[in-house]
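Some notes on the structure that comes next.
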Amino acid sequence: MRDLLLVIIILGSVPFCFRNPCFGVMMWYWVSYFNPHRFTWSFAYNFPVALLVAVPTLAGTIFARKSLRALLVWESVCLAAVWLWFSFTYVNAKGIPLFAEHMENASYEMSHISKILLMTFVMILVVNSRDKLRGVMIVSAVSLGLLAVKGMLFGIRTGGEDRVWGPPDSFLADNNALALALNMAIPILFFLAREEKNRYVRWGLRVCFFCSIASVLLTYSRGGLLGLAVVLTAITFKSHQKALGAFLLAVAAVLTLSFAPETWMDRMAHFTHGELDSSAKQRLVAWETAWNFSHDYPIAGGSFDTLPDVNVFRLYQLSELPERDYRPATAAHSIYFQLLSDQGFVGLGLFLAMIASCLWSLWRIKRAVRKITSARWLMSYADMIQIAILGFMISGAFLGFVYLDVIYQMVATVVVLKVMFRVEVAGYLSQLGEKETLQVVPEEVAVPA
């Protein structure tokens, strides 16, 4: 019954995705983040839900003849450059014998990231109003939030003794990947709830917000814990009631330490005391190996999944991996070293330049809209995206999930905000008289390039 219901929903959405590509984008993020087909047990489990949503959405975007002005933004150019570089390193690695073992995995990753980036550009083109942006952000955040609600219920049932994992056979299946994604969803849920007028939607967002915090803890991810601490601190700093927020944050920390299960405390003990267990030592070895590898392939790296290739890892590792209860994973364990080994210094530089540009543009938007009453709604979106990116950069320093969908959606959201900011500024200036317009300080309404 569950399988049939999902198939009916997906097939029934096809004409709506074609007629309204923005609806298709919402469906895409629901399918990508929530992975509804992974909660079925029969024929729908491997049903091509993403393909059935993406194709009519793309067709609808083409026939709708959307304006391409949104692509003429610096972050869009950076995103396209990152995509092109990923393609170049993949083609380059196919001609190097050392990388032959992981090229099958690289082909899969190249296909996956290309689908993500293609739909990211579709989002940039079709989301051109405040209501559409709100809809996409709510669907995205709640899709992740529902996973957190499920994780919270699982934690209650097991007393927190078992880790929370993402949907099986998905890119959020790993507990660390789920923690990273939830850390990015938390600020979005918080700021959307603060601005939401509908009482029921507001309370739904709040439930997802608190469950997301609990689920990050229940993933047992130490990189997730560090990112969570930074995200919650940043939210407290940007909230209207900072003292109350700081007090509640302290209370939550005390309650967590007081009632956390023994297995969770054992897992975090080494981390909080600055000690290195086998997992932490494995990360240091992986980072050292990635750095050593980059000396021989500094420009283009080895394409996707370089360090998980055991042959490459063993060739360049300088220290032995610590013995563990299970086979040690030869992975980068950091978005930065993952980019360095996969995409070389050029790929790492392009990605960091894109992130830096996003943060700079968001800061400029916030600074500019302070005197434009009609555009102040942009400040909440700028805050949520800033903190989401911050959570990604902090947690990602210890987690190797740089190809996760959520960060590219955040970049697309920055582009959308810049385009809508320009519209708001144009409307603001048109309402002023000629004399008043001359009195406006240019820097206060400067439109980021």
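Starting from 1 in every chain, residues are counted up; chains themselves are A, B, ... following the order of the structure tokens, and ligands are numbered from 1 as listed.
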Close residues, Trp41 of chain A itself excluded, 8 Å, only C-alpha atoms, min 3 positions apart in chain, as a PDB file with C-alpha atoms, in the first residue's frame:
ATOM      1  CA  ARG A   2       2.829   2.391   0.880  1.00  0.00           C
ATOM      2  CA  ASP A   3       4.587   1.644  -2.422  1.00  0.00           C
ATOM      3  CA  ARG A  38      13.526   4.417   0.925  1.00  0.00           C
ATOM      4  CA  ALA A  44       8.784   1.563  -5.093  1.00  0.00           C
ATOM      5  CA  TYR A  45      12.075   1.195  -3.210  1.00  0.00           C
TER       6      TYR A  45
END
Find the residues around Ala93 of chain A up to 10 Å (only C-alpha atoms counted), leave out those fewer than 6 positions away in its own chain, and share them as a list of chain:residue names.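 Returned residues: A:Phe99, A:Ala100, A:His102, A:Met103, A:Ala106, A:Ala300, A:Gly301, A:Gly302, A:Ser303, A:Phe304, A:Thr306, A:Asp342.
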At a cut-off of 12 Å, using only C-alpha atoms, what residues contact segment 168-175 of chain A? Leave out same-chain residues fewer than 3 positions from it and give the result as number ranges by chain. A: 31-41, 45-46, 109, 112-113, 116, 144, 147-148, 151, 162-165, 178-182, 215-225, 399-406
Can you spit out the residues from that selection as a CSV table (one decimal), in the first residue's frame, using C-alpha atoms?
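Saved as selection_20.csv:
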chain,number,residue,atom,x,y,z
A,31,VAL,CA,12.7,13.5,-3.0
A,32,SER,CA,16.4,14.3,-2.6
A,33,TYR,CA,16.3,15.0,1.2
A,34,PHE,CA,13.5,13.0,2.6
A,35,ASN,CA,14.0,10.0,0.2
A,36,PRO,CA,10.4,8.8,0.5
A,37,HIS,CA,11.0,5.7,-1.7
A,38,ARG,CA,13.5,4.4,0.9
A,39,PHE,CA,10.7,4.1,3.4
A,40,THR,CA,8.9,1.6,1.2
A,41,TRP,CA,9.4,-2.2,1.1
A,45,TYR,CA,12.1,1.2,-3.2
A,46,ASN,CA,14.1,1.5,-6.4
A,109,GLU,CA,29.8,10.5,-8.4
A,112,HIS,CA,25.3,12.4,-9.2
A,113,ILE,CA,26.9,15.8,-8.7
A,116,ILE,CA,22.5,18.1,-8.4
A,144,LEU,CA,15.2,17.2,6.6
A,147,LEU,CA,14.0,12.8,9.2
A,148,ALA,CA,15.0,14.5,12.5
A,151,GLY,CA,15.3,10.1,14.5
A,162,ASP,CA,21.8,3.5,19.3
A,163,ARG,CA,22.9,5.9,16.7
A,164,VAL,CA,20.4,7.7,14.4
A,165,TRP,CA,21.1,7.0,10.7
A,178,LEU,CA,22.8,13.3,8.3
A,179,ALA,CA,24.3,15.4,11.1
A,180,LEU,CA,25.9,17.7,8.6
A,181,ALA,CA,22.7,18.2,6.7
A,182,LEU,CA,20.7,18.8,9.9
A,215,SER,CA,18.9,14.1,16.2
A,216,VAL,CA,22.3,15.7,15.6
A,217,LEU,CA,23.3,14.6,19.1
A,218,LEU,CA,21.8,11.1,18.6
A,219,THR,CA,23.9,10.6,15.4
A,220,TYR,CA,26.9,10.3,17.7
A,221,SER,CA,28.8,12.4,15.2
A,222,ARG,CA,31.5,14.4,16.9
A,223,GLY,CA,31.9,16.7,13.8
A,224,GLY,CA,28.2,17.1,13.9
A,225,LEU,CA,28.4,18.1,17.6
A,399,LEU,CA,33.4,15.1,7.7
A,400,GLY,CA,34.0,14.3,4.1
A,401,PHE,CA,30.7,15.1,2.4
A,402,VAL,CA,31.5,18.0,0.1
A,403,TYR,CA,29.2,16.8,-2.6
A,404,LEU,CA,26.1,16.9,-0.4
A,405,ASP,CA,23.1,18.5,-2.1
A,406,VAL,CA,22.4,21.1,0.6
Which neighbours of Ala185 of chain A fall inside 10 Å, counting only C-alpha atoms, when residues of the same chain fewer than 3 positions from it are skipped, and could you give them as a ChimeraX atom specification? /A:137-138,140-145,179-182,188-190,208-209,212-213,384-385,387-388,391,406
Give me a file of those residues, with C-alpha atoms, as a PDB file, in the first residue's frame.
ATOM      1  CA  MET A 137      12.998  26.654   1.757  1.00  0.00           C
ATOM      2  CA  ILE A 138      10.109  25.287   3.827  1.00  0.00           C
ATOM      3  CA  SER A 140      13.693  21.583   1.959  1.00  0.00           C
ATOM      4  CA  ALA A 141      14.019  22.275   5.673  1.00  0.00           C
ATOM      5  CA  VAL A 142      10.929  20.275   6.651  1.00  0.00           C
ATOM      6  CA  SER A 143      12.063  17.316   4.522  1.00  0.00           C
ATOM      7  CA  LEU A 144      15.226  17.165   6.625  1.00  0.00           C
ATOM      8  CA  GLY A 145      13.247  18.051   9.741  1.00  0.00           C
ATOM      9  CA  ALA A 179      24.333  15.359  11.134  1.00  0.00           C
ATOM     10  CA  LEU A 180      25.923  17.696   8.599  1.00  0.00           C
ATOM     11  CA  ALA A 181      22.666  18.178   6.685  1.00  0.00           C
ATOM     12  CA  LEU A 182      20.655  18.771   9.871  1.00  0.00           C
ATOM     13  CA  ILE A 188      16.632  27.633   8.251  1.00  0.00           C
ATOM     14  CA  LEU A 189      13.956  26.115  10.470  1.00  0.00           C
ATOM     15  CA  PHE A 190      14.616  28.684  13.201  1.00  0.00           C
ATOM     16  CA  CYS A 208      11.391  20.102  13.395  1.00  0.00           C
ATOM     17  CA  PHE A 209      13.911  22.612  14.806  1.00  0.00           C
ATOM     18  CA  SER A 212      16.889  18.378  14.542  1.00  0.00           C
ATOM     19  CA  ILE A 213      19.020  19.469  17.492  1.00  0.00           C
ATOM     20  CA  MET A 384      19.831  31.659   7.882  1.00  0.00           C
ATOM     21  CA  ILE A 385      22.012  31.017   4.837  1.00  0.00           C
ATOM     22  CA  ILE A 387      24.697  30.223   9.534  1.00  0.00           C
ATOM     23  CA  ALA A 388      23.880  27.198   7.361  1.00  0.00           C
ATOM     24  CA  GLY A 391      27.649  24.962   9.968  1.00  0.00           C
ATOM     25  CA  VAL A 406      22.405  21.068   0.642  1.00  0.00           C
TER      26      VAL A 406
END
From the set A:Lys150, A:Arg202, A:Arg194, A:Lys281, which residue has the shortest atom-to-atom contact distance to Ile235 of chain A, counting only C-alpha atoms? A:Arg194
Expected answer as number ranges by chain: alpha helix (DSSP H) residues in segment 4-250 of chain A: A: 4-19, 21-29, 49-64, 74-94, 103-126, 130-158, 175-195, 199-218, 222-238, 242-250
Skip Leu71 of chain A itself and residues of its chain fewer than 5 positions away, then list as a list in words all residues within 10 Å of it, counting only C-alpha atoms.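 These residues fall inside the cut-off: Ser76, Val77, Leu79, Ala80, Phe121, Ile124, Leu125, Ala412, Val415, Val416 and Val419 of chain A.
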Near-Met119 of chain A list (9 Å; only C-alpha atoms; drop same-chain fewer than 6 positions) as a list in words: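 Residues near the query, excluding close chain neighbours: Val25, Trp28, Ala54, Thr57 and Leu58 of chain A.
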Just-selected residues, N, CA and C atoms written as a tab-separated table (two decimals), in the first residue's frame:
chain	number	residue	atom	x	y	z
A	25	VAL	N	10.79	21.92	-8.53
A	25	VAL	CA	11.98	22.09	-7.69
A	25	VAL	C	11.68	21.66	-6.26
A	28	TRP	N	11.64	18.00	-6.16
A	28	TRP	CA	13.02	17.49	-6.27
A	28	TRP	C	13.70	17.47	-4.90
A	54	ALA	N	12.52	15.27	-12.19
A	54	ALA	CA	13.46	16.18	-12.85
A	54	ALA	C	13.12	16.44	-14.32
A	57	THR	N	10.25	18.86	-14.91
A	57	THR	CA	10.66	20.16	-14.37
A	57	THR	C	11.59	20.87	-15.34
A	58	LEU	N	12.56	20.13	-15.88
A	58	LEU	CA	13.48	20.70	-16.86
A	58	LEU	C	12.74	21.13	-18.12
Find the residues near segment 373-380 of chain A: any atom within 9 Å, counting only C-alpha atoms, skip ones fewer than 3 places away on the same chain, and give them as a ChimeraX atom specification. /A:130,191-192,194-195,362,365-367,369-370,383-385,417,420-421,424-425,428
Could you work out how far atom CA of Lys132 of chain A lies from atom CA of Ile9 of chain A, giving the answer in Å with one decimal?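 Spanning atom CA of Ile9 of chain A to atom CA of Lys132 of chain A is a straight-line distance of 21.1 Å.
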When you draw a straight line from atom CA of Ser111 of chain A to atom CA of Phe18 of chain A, how long is it in Å?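 Pair atom CA of Ser111 of chain A / atom CA of Phe18 of chain A returns 22.9 Å.
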Measure the distance from atom CA of Thr120 of chain A to atom CA of Arg69 of chain A in Å and round it to one decimal.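 Those two atoms sit 15.3 Å apart.
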